[in-house]
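File shown here: coords.cif, holding mmCIF, C-alpha atoms and all ligand atoms.
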```
data_upload
#
loop_
_atom_site.label_atom_id
_atom_site.label_comp_id
_atom_site.auth_asym_id
_atom_site.auth_seq_id
_atom_site.Cartn_x
_atom_site.Cartn_y
_atom_site.Cartn_z
CA MET A 1 76.74 173.50 -43.39
CA GLN A 2 74.50 170.44 -43.24
CA PRO A 3 76.08 167.48 -45.03
CA THR A 4 73.84 166.34 -47.87
CA HIS A 5 72.93 162.76 -48.60
CA THR A 6 74.68 162.95 -51.93
CA SER A 7 78.11 163.88 -50.53
CA PRO A 8 80.91 161.58 -51.74
CA ASP A 9 81.90 160.66 -48.14
CA ARG A 10 78.38 159.63 -47.31
CA GLY A 11 78.27 157.49 -50.45
CA ARG A 12 81.60 155.90 -49.67
CA ALA A 13 80.66 155.15 -46.05
CA ALA A 14 77.51 153.45 -47.33
CA LEU A 15 79.34 151.09 -49.71
CA GLY A 16 79.91 148.46 -46.98
CA PRO A 17 76.35 148.56 -45.59
CA ALA A 18 74.98 148.50 -49.15
CA LEU A 19 77.10 145.50 -50.06
CA SER A 20 76.01 143.72 -46.85
CA LEU A 21 72.36 144.25 -47.80
CA VAL A 22 72.88 142.68 -51.23
CA HIS A 23 75.12 139.94 -49.77
CA THR A 24 72.39 138.82 -47.36
CA GLY A 25 69.58 139.14 -49.89
CA ALA A 26 67.95 141.91 -47.85
CA ALA A 27 68.08 144.36 -50.77
CA PRO A 28 66.96 142.61 -53.97
CA THR A 29 66.22 145.91 -55.72
CA ARG A 30 67.69 149.38 -55.74
CA SER A 31 64.53 150.91 -54.28
CA VAL A 32 64.71 148.55 -51.27
CA LEU A 33 68.38 149.47 -50.90
CA THR A 34 67.58 153.17 -51.09
CA GLY A 35 65.01 152.84 -48.31
CA ALA A 36 67.22 150.66 -46.12
CA LEU A 37 70.17 153.04 -46.36
CA GLY A 38 68.06 156.17 -45.99
CA VAL A 39 69.77 157.89 -48.93
CA THR A 40 68.52 159.67 -52.03
CA ARG A 41 67.92 157.80 -55.27
CA ALA A 42 70.90 159.59 -56.78
CA THR A 43 73.20 158.42 -53.97
CA ALA A 44 71.85 154.87 -54.21
CA GLY A 45 72.59 154.96 -57.93
CA ALA A 46 76.15 156.12 -57.27
CA ILE A 47 76.66 153.43 -54.61
CA THR A 48 75.39 150.59 -56.77
CA GLY A 49 77.44 151.92 -59.68
CA GLU A 50 80.58 151.84 -57.55
CA LEU A 51 79.89 148.30 -56.31
CA GLN A 52 79.22 147.22 -59.88
CA ALA A 53 82.52 148.76 -61.02
CA LEU A 54 84.28 146.74 -58.30
CA ARG A 55 82.57 143.65 -59.79
CA LEU A 56 80.88 142.92 -56.48
CA ILE A 57 77.28 143.22 -57.65
CA THR A 58 75.26 143.24 -60.83
CA VAL A 59 72.57 145.83 -61.53
CA ASP A 60 69.81 144.69 -63.86
CA ALA A 61 67.80 147.61 -65.22
CA ARG A 62 65.18 145.45 -66.92
CA PRO A 63 61.90 145.72 -64.99
CA ALA A 64 60.99 142.68 -62.92
CA GLY A 65 57.92 140.87 -64.23
CA GLY A 66 54.55 141.56 -62.67
CA THR A 67 55.53 144.60 -60.59
CA ARG A 68 53.34 147.68 -60.58
CA GLY A 69 54.46 151.26 -60.41
CA ARG A 70 57.96 152.47 -61.19
CA PRO A 71 60.24 149.49 -61.96
CA SER A 72 63.38 149.25 -59.86
CA HIS A 73 66.77 147.92 -60.83
CA ARG A 74 67.37 144.41 -59.58
CA LEU A 75 70.53 143.80 -57.54
CA ALA A 76 72.49 140.55 -57.19
CA VAL A 77 76.01 139.50 -56.32
CA ASP A 78 78.34 139.23 -59.31
CA PRO A 79 79.12 135.51 -59.77
CA SER A 80 82.24 136.33 -61.78
CA GLY A 81 83.47 138.82 -59.19
CA PRO A 82 86.00 138.28 -56.38
CA VAL A 83 85.89 135.12 -54.25
CA VAL A 84 87.25 134.12 -50.87
CA LEU A 85 88.74 130.84 -49.69
CA ALA A 86 86.82 129.22 -46.84
CA ALA A 87 88.52 126.52 -44.77
CA GLN A 88 87.42 124.44 -41.82
CA ILE A 89 89.41 122.12 -39.58
CA HIS A 90 87.37 119.50 -37.74
CA ALA A 91 88.16 116.37 -35.77
CA ASP A 92 87.68 114.12 -38.83
CA GLY A 93 89.72 116.17 -41.31
CA PHE A 94 89.61 119.53 -43.03
CA SER A 95 87.54 121.09 -45.78
CA ILE A 96 88.02 123.96 -48.20
CA ALA A 97 85.82 125.77 -50.72
CA LEU A 98 85.80 128.95 -52.71
CA ALA A 99 82.89 131.24 -51.93
CA THR A 100 81.22 134.06 -53.77
CA LEU A 101 79.27 136.79 -52.04
CA GLY A 102 75.74 135.75 -51.16
CA GLY A 103 76.86 132.84 -48.98
CA VAL A 104 77.36 130.40 -51.85
CA LEU A 105 80.05 127.76 -51.42
CA ASP A 106 81.64 126.62 -54.64
CA GLY A 107 82.65 122.93 -54.72
CA PRO A 108 83.61 122.04 -51.13
CA GLU A 109 86.45 119.51 -50.90
CA ASP A 110 87.26 117.28 -47.91
CA PHE A 111 90.66 115.99 -46.86
CA PRO A 112 91.95 113.77 -44.04
CA LEU A 113 94.14 115.32 -41.35
CA PRO A 114 97.87 114.83 -41.97
CA ASP A 115 99.90 112.56 -39.73
CA PRO A 116 101.16 113.90 -37.38
CA ALA A 117 98.25 116.30 -36.89
CA THR A 118 100.24 119.00 -35.08
CA PRO A 119 99.05 122.60 -35.56
CA GLU A 120 101.95 123.31 -37.97
CA HIS A 121 101.34 120.21 -40.10
CA VAL A 122 97.57 120.71 -40.25
CA LEU A 123 97.79 124.41 -41.11
CA ARG A 124 100.44 123.70 -43.74
CA ALA A 125 98.19 121.08 -45.35
CA VAL A 126 95.18 123.44 -45.30
CA VAL A 127 97.18 126.29 -46.82
CA ALA A 128 98.68 124.00 -49.51
CA GLU A 129 95.22 122.88 -50.67
CA ALA A 130 93.93 126.45 -50.44
CA ALA A 131 96.80 127.75 -52.58
CA ARG A 132 96.19 125.02 -55.17
CA ARG A 133 92.48 125.82 -55.33
CA ILE A 134 93.06 129.59 -55.58
CA ALA A 135 95.66 129.15 -58.35
CA ALA A 136 93.31 126.95 -60.37
CA ASP A 137 90.45 129.50 -60.38
CA PRO A 138 90.43 132.51 -62.70
CA ARG A 139 88.58 134.70 -60.23
CA ARG A 140 90.44 137.03 -57.89
CA CYS A 141 90.67 135.66 -54.33
CA VAL A 142 90.57 138.44 -51.74
CA GLY A 143 90.80 136.64 -48.41
CA LEU A 144 91.08 133.39 -46.50
CA GLY A 145 88.97 132.49 -43.47
CA LEU A 146 89.49 129.44 -41.28
CA ALA A 147 87.06 127.86 -38.82
CA VAL A 148 88.58 125.80 -35.99
CA PRO A 149 86.91 123.58 -33.36
CA THR A 150 88.42 125.44 -30.43
CA PRO A 151 87.78 128.71 -28.64
CA VAL A 152 90.07 131.37 -30.10
CA ALA A 153 91.23 134.03 -27.63
CA LEU A 154 91.30 137.61 -28.93
CA PRO A 155 93.09 139.73 -29.89
CA GLU A 156 96.06 137.33 -30.21
CA ARG A 157 93.98 134.57 -31.90
CA ILE A 158 95.24 131.82 -29.64
CA ALA A 159 93.58 128.39 -29.54
CA VAL A 160 92.90 127.94 -25.85
CA ALA A 161 91.28 124.51 -25.51
CA ALA A 162 91.64 122.49 -28.69
CA MET A 163 90.82 119.28 -26.86
CA TYR A 164 89.13 117.64 -29.83
CA LEU A 165 92.15 118.27 -32.06
CA ASP A 166 94.73 117.35 -29.43
CA TRP A 167 96.56 120.63 -29.99
CA PRO A 168 98.47 122.19 -27.11
CA SER A 169 96.47 124.86 -25.30
CA GLY A 170 97.85 128.27 -26.20
CA THR A 171 98.61 127.43 -29.84
CA PRO A 172 98.98 130.80 -31.68
CA VAL A 173 96.75 129.64 -34.50
CA GLY A 174 96.35 133.10 -36.09
CA GLU A 175 100.09 133.71 -36.26
CA LEU A 176 100.80 130.19 -37.58
CA LEU A 177 98.17 130.59 -40.28
CA GLU A 178 99.74 133.88 -41.39
CA GLN A 179 103.21 132.32 -41.46
CA GLU A 180 102.11 129.29 -43.47
CA SER A 181 100.13 131.46 -45.91
CA ALA A 182 103.10 133.77 -46.51
CA ALA A 183 105.42 130.77 -46.96
CA ALA A 184 103.02 129.36 -49.57
CA GLY A 185 103.02 132.66 -51.46
CA LEU A 186 99.45 133.58 -50.56
CA HIS A 187 99.43 137.36 -50.27
CA LEU A 188 95.94 138.00 -48.96
CA PRO A 189 94.32 138.77 -45.60
CA VAL A 190 93.86 135.63 -43.50
CA ASP A 191 91.85 135.18 -40.32
CA VAL A 192 90.75 132.38 -38.00
CA ALA A 193 87.86 132.01 -35.53
CA ASN A 194 85.85 129.45 -33.59
CA ASP A 195 83.70 127.22 -35.80
CA ALA A 196 80.43 127.59 -33.83
CA ASN A 197 80.78 131.38 -33.84
CA LEU A 198 81.27 131.39 -37.60
CA ALA A 199 78.42 128.94 -38.21
CA ALA A 200 76.11 131.22 -36.20
CA LEU A 201 77.15 134.21 -38.29
CA ALA A 202 76.48 132.31 -41.54
CA GLU A 203 73.07 131.11 -40.31
CA HIS A 204 72.20 134.65 -39.29
CA ARG A 205 73.11 136.09 -42.68
CA HIS A 206 71.97 133.32 -45.01
CA GLY A 207 70.09 130.62 -43.10
CA ALA A 208 67.63 129.89 -40.30
CA GLY A 209 68.73 132.87 -38.21
CA ARG A 210 67.82 135.56 -40.75
CA GLY A 211 65.99 138.44 -39.14
CA ALA A 212 66.62 137.33 -35.54
CA LYS A 213 67.68 140.17 -33.22
CA HIS A 214 69.30 137.93 -30.60
CA LEU A 215 70.17 134.60 -32.18
CA LEU A 216 71.36 131.76 -29.95
CA TYR A 217 73.14 129.04 -31.90
CA VAL A 218 73.92 125.62 -30.38
CA THR A 219 75.62 122.81 -32.26
CA SER A 220 77.59 119.59 -32.10
CA GLY A 221 79.34 118.17 -35.14
CA HIS A 222 81.59 115.46 -33.76
CA ALA A 223 82.30 115.56 -30.05
CA GLY A 224 81.57 118.43 -27.68
CA VAL A 225 78.99 121.20 -27.91
CA GLY A 226 79.54 124.72 -29.24
CA GLY A 227 77.45 127.82 -29.02
CA ALA A 228 77.31 131.42 -30.14
CA LEU A 229 75.17 134.52 -29.86
CA VAL A 230 74.60 137.00 -32.67
CA VAL A 231 73.21 140.33 -31.44
CA ASP A 232 71.99 142.83 -34.04
CA GLY A 233 74.04 141.06 -36.68
CA ARG A 234 77.28 140.97 -34.69
CA LEU A 235 78.87 138.11 -32.80
CA HIS A 236 78.87 138.54 -29.04
CA THR A 237 82.46 137.59 -28.28
CA GLY A 238 82.81 138.50 -24.61
CA SER A 239 85.92 140.31 -23.34
CA ALA A 240 88.41 137.94 -24.99
CA GLY A 241 86.50 136.10 -27.70
CA LEU A 242 85.55 133.28 -25.36
CA ALA A 243 81.86 133.96 -24.63
CA LEU A 244 79.09 131.40 -25.15
CA GLU A 245 80.97 128.29 -24.09
CA VAL A 246 77.56 126.67 -23.68
CA GLY A 247 79.24 123.26 -23.73
CA GLN A 248 80.44 123.84 -20.17
CA VAL A 249 76.95 124.33 -18.70
CA THR A 250 76.37 121.53 -16.17
CA VAL A 251 73.27 119.50 -16.96
CA ASP A 252 73.98 116.50 -14.72
CA PRO A 253 76.25 116.91 -11.66
CA ASP A 254 76.89 113.14 -11.63
CA GLY A 255 77.15 112.78 -15.40
CA ARG A 256 79.87 111.80 -17.84
CA ARG A 257 83.41 113.06 -17.43
CA CYS A 258 84.22 116.15 -19.50
CA PRO A 259 87.66 116.99 -20.94
CA CYS A 260 87.37 120.31 -19.05
CA GLY A 261 87.73 118.42 -15.75
CA ASN A 262 84.10 118.63 -14.63
CA ARG A 263 81.27 116.13 -14.86
CA GLY A 264 78.00 116.27 -16.72
CA CYS A 265 78.71 119.28 -18.94
CA LEU A 266 76.46 119.74 -21.98
CA ASP A 267 79.69 119.11 -23.94
CA VAL A 268 79.62 115.42 -23.01
CA GLU A 269 75.90 114.95 -22.33
CA ALA A 270 74.47 116.16 -25.64
CA ASP A 271 76.98 115.24 -28.35
CA PRO A 272 77.19 112.19 -30.66
CA PRO A 273 79.30 110.11 -28.21
CA ALA A 274 76.67 110.77 -25.50
CA LEU A 275 73.93 109.35 -27.72
CA LEU A 276 76.05 106.32 -28.62
CA ALA A 277 76.73 105.69 -24.92
CA ALA A 278 73.05 106.06 -24.01
CA ALA A 279 72.19 103.57 -26.76
CA GLY A 280 74.79 101.12 -25.44
CA ARG A 281 76.99 101.39 -28.51
CA GLU A 282 80.78 101.45 -28.60
CA PRO A 283 81.99 104.28 -30.91
CA ASP A 284 83.91 103.07 -33.97
CA PRO A 285 87.03 105.30 -34.14
CA ALA A 286 87.36 104.69 -37.89
CA ARG A 287 84.04 106.37 -38.79
CA PRO A 288 82.66 109.88 -38.22
CA LEU A 289 80.85 110.03 -34.87
CA LEU A 290 78.05 112.09 -36.40
CA ASP A 291 77.26 109.29 -38.88
CA GLN A 292 77.15 106.74 -36.07
CA ALA A 293 74.86 108.98 -34.01
CA CYS A 294 72.54 109.43 -37.00
CA GLU A 295 72.24 105.64 -37.21
CA VAL A 296 70.89 105.63 -33.66
CA LEU A 297 68.43 108.40 -34.64
CA ALA A 298 67.28 106.26 -37.58
CA GLU A 299 66.80 103.26 -35.28
CA ALA A 300 64.73 105.44 -32.93
CA ALA A 301 62.62 106.59 -35.86
CA ALA A 302 62.08 102.92 -36.75
CA GLY A 303 60.71 102.35 -33.26
CA ARG A 304 63.58 100.52 -31.54
CA THR A 305 63.03 100.95 -27.81
CA ARG A 306 66.65 101.33 -26.67
CA ALA A 307 67.48 103.88 -29.37
CA ARG A 308 64.24 105.76 -28.62
CA ALA A 309 65.12 105.97 -24.90
CA ALA A 310 68.63 107.16 -25.76
CA VAL A 311 67.28 109.92 -28.01
CA GLU A 312 64.88 111.06 -25.29
CA HIS A 313 67.65 111.05 -22.67
CA VAL A 314 70.01 113.18 -24.77
CA THR A 315 67.16 115.46 -25.90
CA ASP A 316 66.29 116.15 -22.27
CA ARG A 317 69.91 117.00 -21.47
CA LEU A 318 70.14 119.34 -24.45
CA GLY A 319 66.86 120.96 -23.42
CA LEU A 320 68.18 121.60 -19.90
CA GLY A 321 71.29 123.27 -21.29
CA ILE A 322 69.40 125.44 -23.78
CA ALA A 323 66.88 126.47 -21.11
CA ALA A 324 69.70 127.61 -18.81
CA VAL A 325 71.22 129.72 -21.54
CA ILE A 326 67.83 131.16 -22.60
CA ASN A 327 67.23 132.36 -19.04
CA ILE A 328 70.42 134.38 -19.13
CA LEU A 329 70.43 135.66 -22.71
CA ASN A 330 66.73 136.07 -23.61
CA PRO A 331 67.20 135.27 -27.33
CA ASP A 332 64.33 135.66 -29.81
CA ARG A 333 65.38 132.56 -31.75
CA VAL A 334 67.40 129.39 -31.18
CA VAL A 335 69.02 127.67 -34.14
CA LEU A 336 70.44 124.18 -33.78
CA GLY A 337 73.27 122.92 -35.98
CA ALA A 338 74.52 119.52 -37.15
CA PHE A 339 73.74 116.72 -34.64
CA HIS A 340 71.36 118.94 -32.68
CA SER A 341 69.28 119.75 -35.74
CA SER A 342 68.93 115.99 -36.36
CA LEU A 343 67.98 115.53 -32.71
CA LEU A 344 65.38 118.30 -33.06
CA ALA A 345 63.94 116.53 -36.12
CA ALA A 346 63.84 113.24 -34.19
CA ALA A 347 62.03 114.64 -31.14
CA PRO A 348 60.73 118.17 -31.89
CA ASP A 349 57.91 118.21 -29.35
CA ARG A 350 60.03 116.82 -26.57
CA LEU A 351 62.87 119.31 -27.00
CA THR A 352 60.48 122.27 -27.26
CA ARG A 353 58.61 121.08 -24.16
CA VAL A 354 61.72 120.58 -22.03
CA VAL A 355 63.06 124.00 -22.98
CA ALA A 356 59.69 125.65 -22.24
CA GLU A 357 59.30 123.86 -18.89
CA ARG A 358 62.82 124.56 -17.74
CA SER A 359 63.25 128.15 -18.80
CA TYR A 360 61.71 131.02 -16.92
CA TRP A 361 61.14 132.97 -20.15
CA GLY A 362 60.16 129.86 -22.06
CA ARG A 363 57.02 129.37 -19.95
CA SER A 364 55.69 132.86 -20.58
CA GLY A 365 56.38 132.91 -24.31
CA ARG A 366 58.06 130.20 -26.29
CA VAL A 367 61.33 130.92 -28.03
CA PRO A 368 61.24 129.48 -31.55
CA ILE A 369 63.74 126.62 -32.02
CA ALA A 370 64.74 125.95 -35.62
CA ALA A 371 67.14 123.65 -37.43
CA ALA A 372 70.12 125.20 -39.21
CA GLU A 373 69.46 125.61 -42.94
CA LEU A 374 72.92 125.78 -44.47
CA ASP A 375 74.59 122.65 -45.71
CA ARG A 376 77.96 123.47 -44.19
CA SER A 377 77.40 126.29 -41.73
CA GLU A 378 80.97 126.33 -40.38
CA LEU A 379 82.56 126.48 -43.82
CA ALA A 380 80.04 129.12 -44.91
CA GLY A 381 80.97 131.02 -41.75
CA ALA A 382 84.67 130.84 -42.62
CA ALA A 383 83.74 132.57 -45.88
CA GLU A 384 81.91 135.26 -43.89
CA LEU A 385 85.07 135.79 -41.85
CA ALA A 386 87.11 136.18 -45.03
CA TRP A 387 84.59 138.70 -46.42
CA THR A 388 84.75 140.88 -43.29
CA PRO A 389 87.26 143.49 -44.63
CA VAL A 390 85.38 143.70 -47.96
CA LEU A 391 82.00 144.15 -46.28
CA ALA A 392 83.47 146.79 -43.95
CA ASP A 393 85.07 148.92 -46.68
CA PRO A 394 84.87 147.46 -50.20
CA LEU A 395 86.89 150.21 -51.87
CA THR A 396 89.87 149.96 -49.53
CA ALA A 397 89.79 146.14 -49.42
CA LEU A 398 89.77 145.76 -53.20
CA THR A 399 91.89 148.66 -54.38
CA SER A 400 94.73 148.75 -51.83
CA PRO A 401 97.85 146.91 -53.05
ZN ZN A 501 83.08 120.50 -19.39
#
```
Kindly present the structure from the file in structure tokens form.
Ligand SMILES: [Zn+2]
Amino acid sequence: MQPTHTSPDRGRAALGPALSLVHTGAAPTRSVLTGALGVTRATAGAITGELQALRLITVDARPAGGTRGRPSHRLAVDPSGPVVLAAQIHADGFSIALATLGGVLDGPEDFPLPDPATPEHVLRAVVAEAARRIAADPRRCVGLGLAVPTPVALPERIAVAAMYLDWPSGTPVGELLEQESAAAGLHLPVDVANDANLAALAEHRHGAGRGAKHLLYVTSGHAGVGGALVVDGRLHTGSAGLALEVGQVTVDPDGRRCPCGNRGCLDVEADPPALLAAAGREPDPARPLLDQACEVLAEAAAGRTRARAAVEHVTDRLGLGIAAVINILNPDRVVLGAFHSSLLAAAPDRLTRVVAERSYWGRSGRVPIAAAELDRSELAGAAELAWTPVLADPLTALTSP
């Protein structure tokens, strides 16, 4: 017998995709959802009813103003529904926030790294603040996601090159996070992933990458350069989670020394320290490098010659790196995060021109380059990581003990 579109299994299998459509804003009404899922109106009604019962979405039956024809129920995420805890470790400290569905971060908080900043001490401090925040909020917390500035090898979730945190290579960051969470009495799913990967995912779902089929994301927040590729909504991880190390693309064979052992990698030629060096400035270790780099960008905008030349130099290096990656991956959009989005704003024509001139595909048809839109892409991405089990199977994630 042919399965019908109203079968319970079909409805249940569609809960995750339906929730994803509301989560990303792609289905603002039930009629849009019905069309996107390819189900009957009755099934769509059952699906939205189930998601509403789980307090994941709200269904507003009042007709939207100004619409013609049959009014459709409006769908939105339920702001009083479950939340997740998003956490991010970066070279200057760590941050946490609660997050609702829909990519909304609720009151991000920033903390300095503990001393000593060993993996155990840092993860313990993150989990302690997370547990405090979760306990103080009346909403049910259903997961914890952590973004870290290091490649994370899968499936073991091992930090393989945490050079900007000074952690030993091979730190089992996933296992440590689980241990610390259990010790703190947090009984919820926890997961950890590379910060650039997570930022790309957040930008794809809620920011400048929406609608891109092959989204290339390149960013630098402190020191070093990260990258990620989102294909058809999914992160391209490579065979072991380590794909898209765009920071190790050589853009100057005689360039600055890279922590990886090579010279002239994008990692050290297109990050905040590279701009400071090009501008003849000594980095102040007591202040965030991104702030210091932005001061150079402001000087360039004010017309100072040395700063202007430094911005052009680093922009050209970044353009070379992006062009090399475009040739291999053929993305339909490039989104730049943090320092790189500021660099794009400072020299938009120059970066676009270098990328077009240096990429084989860029010359025939330009790849749009956009600045990231989210305030804290990495933290927002950590929330996406925490939502993963819920988006995959809401019923199991929220009703299993
Ligand atoms: Zn390198």
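Residue nearest ligand ZN 501 (chain A), chosen from A:Ala347, A:Arg287, A:Ile57, A:Ala223 and counting all atoms listed in the file: A:Ala223.
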Expected answer as a short mmCIF file (atom, residue, chain, number, x, y, z; two decimals) with C-alpha atoms, in the frame of the given file: residues within 12 Å of ligand ZN 501 (chain A), all atoms listed in the file:
```cif
data_model
loop_
_atom_site.label_atom_id
_atom_site.label_comp_id
_atom_site.auth_asym_id
_atom_site.auth_seq_id
_atom_site.Cartn_x
_atom_site.Cartn_y
_atom_site.Cartn_z
CA ALA A 161 91.28 124.51 -25.51
CA MET A 163 90.82 119.28 -26.86
CA ALA A 223 82.30 115.56 -30.05
CA GLY A 224 81.57 118.43 -27.68
CA VAL A 225 78.99 121.20 -27.91
CA GLY A 226 79.54 124.72 -29.24
CA GLU A 245 80.97 128.29 -24.09
CA VAL A 246 77.56 126.67 -23.68
CA GLY A 247 79.24 123.26 -23.73
CA GLN A 248 80.44 123.84 -20.17
CA VAL A 249 76.95 124.33 -18.70
CA THR A 250 76.37 121.53 -16.17
CA VAL A 251 73.27 119.50 -16.96
CA ASP A 252 73.98 116.50 -14.72
CA PRO A 253 76.25 116.91 -11.66
CA GLY A 255 77.15 112.78 -15.40
CA ARG A 256 79.87 111.80 -17.84
CA ARG A 257 83.41 113.06 -17.43
CA CYS A 258 84.22 116.15 -19.50
CA PRO A 259 87.66 116.99 -20.94
CA CYS A 260 87.37 120.31 -19.05
CA GLY A 261 87.73 118.42 -15.75
CA ASN A 262 84.10 118.63 -14.63
CA ARG A 263 81.27 116.13 -14.86
CA GLY A 264 78.00 116.27 -16.72
CA CYS A 265 78.71 119.28 -18.94
CA LEU A 266 76.46 119.74 -21.98
CA ASP A 267 79.69 119.11 -23.94
CA VAL A 268 79.62 115.42 -23.01
CA GLU A 269 75.90 114.95 -22.33
CA ALA A 270 74.47 116.16 -25.64
#
```
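Comparing A:Asp106, A:Glu312, A:Asp284, A:Glu156 by their smallest distance to Val192 of chain A, the closest is A:Glu156 (using only C-alpha atoms).
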Draw an axis-aligned box tight on the listed atoms of segment 367-377 of chain A, then pad every side by 6 Å and write out centre and edge lengths in Å to one decimal as lines of an AutoDock Vina configuration file.
```
center_x = 69.6
center_y = 126.8
center_z = -36.9
size_x = 28.7
size_y = 20.3
size_z = 29.7
```
Which residue is closest to Leu318 of chain A? Choose from A:Pro82, A:Pro272, A:Pro168, A:Gly241 and count all atoms listed in the file. A:Pro272
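Among the candidate residues A:Ala278, A:Ile89, A:Ala27, A:Ala208, the one lying nearest to Val59 of chain A is A:Ala27, with distances computed using all atoms listed in the file.
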Which residues, written as an MDAnalysis selection string, have at least one atom at most 9 Å from Leu21 of chain A, with all atoms listed in the file counted and residues fewer than 5 positions away on the same chain left out? chainID A and resid 16 26:28 33 36
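Among the candidate residues A:Pro368, A:Gly81, A:Pro348, A:Pro394, the one lying nearest to Pro138 of chain A is A:Gly81, with distances computed using only C-alpha atoms.
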Please produce, as a Markdown table, a per-residue contact table for segment 9-96 of chain A versus segment 123-133 of chain A (criterion: any atom at most 12 Å away, all atoms listed in the file considered), showing the nearest atom pair and its distance in Å to one decimal, sorted by chain then residue number.
```
| residue | atom | partner | partner_atom | distance |
| --- | --- | --- | --- | --- |
| A:Val83 | CA | A:Arg133 | CA | 11.4 |
| A:Val84 | CA | A:Ala130 | CA | 10.2 |
| A:Leu85 | CA | A:Ala130 | CA | 6.8 |
| A:Ala86 | CA | A:Ala130 | CA | 8.4 |
| A:Ala87 | CA | A:Val126 | CA | 7.4 |
| A:Gln88 | CA | A:Val126 | CA | 8.6 |
| A:Ile89 | CA | A:Val126 | CA | 8.2 |
| A:His90 | CA | A:Val126 | CA | 11.6 |
| A:Gly93 | CA | A:Val126 | CA | 9.9 |
| A:Phe94 | CA | A:Val126 | CA | 7.2 |
| A:Ser95 | CA | A:Val126 | CA | 8.0 |
| A:Ile96 | CA | A:Ala130 | CA | 6.8 |
```
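Counting from atom CA of Pro108 of chain A, the distance to atom CA of Phe339 of chain A is 19.9 Å.
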In Å, with one decimal, what is the gap from atom CA of Glu282 of chain A to atom CA of Thr315 of chain A? 19.7 Å
Would you mind listing what lies within 8 Å of Val173 of chain A as an MDAnalysis selection string, with all atoms listed in the file counted and same-chain residues fewer than 3 positions away left out? chainID A and resid 119 157:159 176:177 192
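Picture a line from atom CA of Thr40 of chain A to atom CA of Thr399 of chain A; it runs 25.9 Å.
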Within 12 Å of Ala99 of chain A, counting all atoms listed in the file, which residues show up once you throw out same-chain ones fewer than 3 positions away? Write them as a PyMOL selection string, please. chain A and resi 23+77-87+96+102-108+133-134+137+139-145+379-387
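In terms of minimum interatomic distance to Leu242 of chain A, A:Val160 ranks closest within A:Val160, A:Leu276, A:Leu146, A:Val296, counting all atoms listed in the file.
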What's the 8 Å shell around Pro17 of chain A, counting all atoms listed in the file, without same-chain residues fewer than 4 positions away, as a PyMOL selection string? chain A and resi 13+21+37+391-392
Writing out the chosen residues with C-alpha atoms as a PDB file, in the coordinates of the input:
```pdb
ATOM      1  CA  ALA A  13      80.660 155.150 -46.050  1.00  0.00           C
ATOM      2  CA  LEU A  21      72.360 144.250 -47.800  1.00  0.00           C
ATOM      3  CA  LEU A  37      70.170 153.040 -46.360  1.00  0.00           C
ATOM      4  CA  LEU A 391      82.000 144.150 -46.280  1.00  0.00           C
ATOM      5  CA  ALA A 392      83.470 146.790 -43.950  1.00  0.00           C
TER       6      ALA A 392
END
```
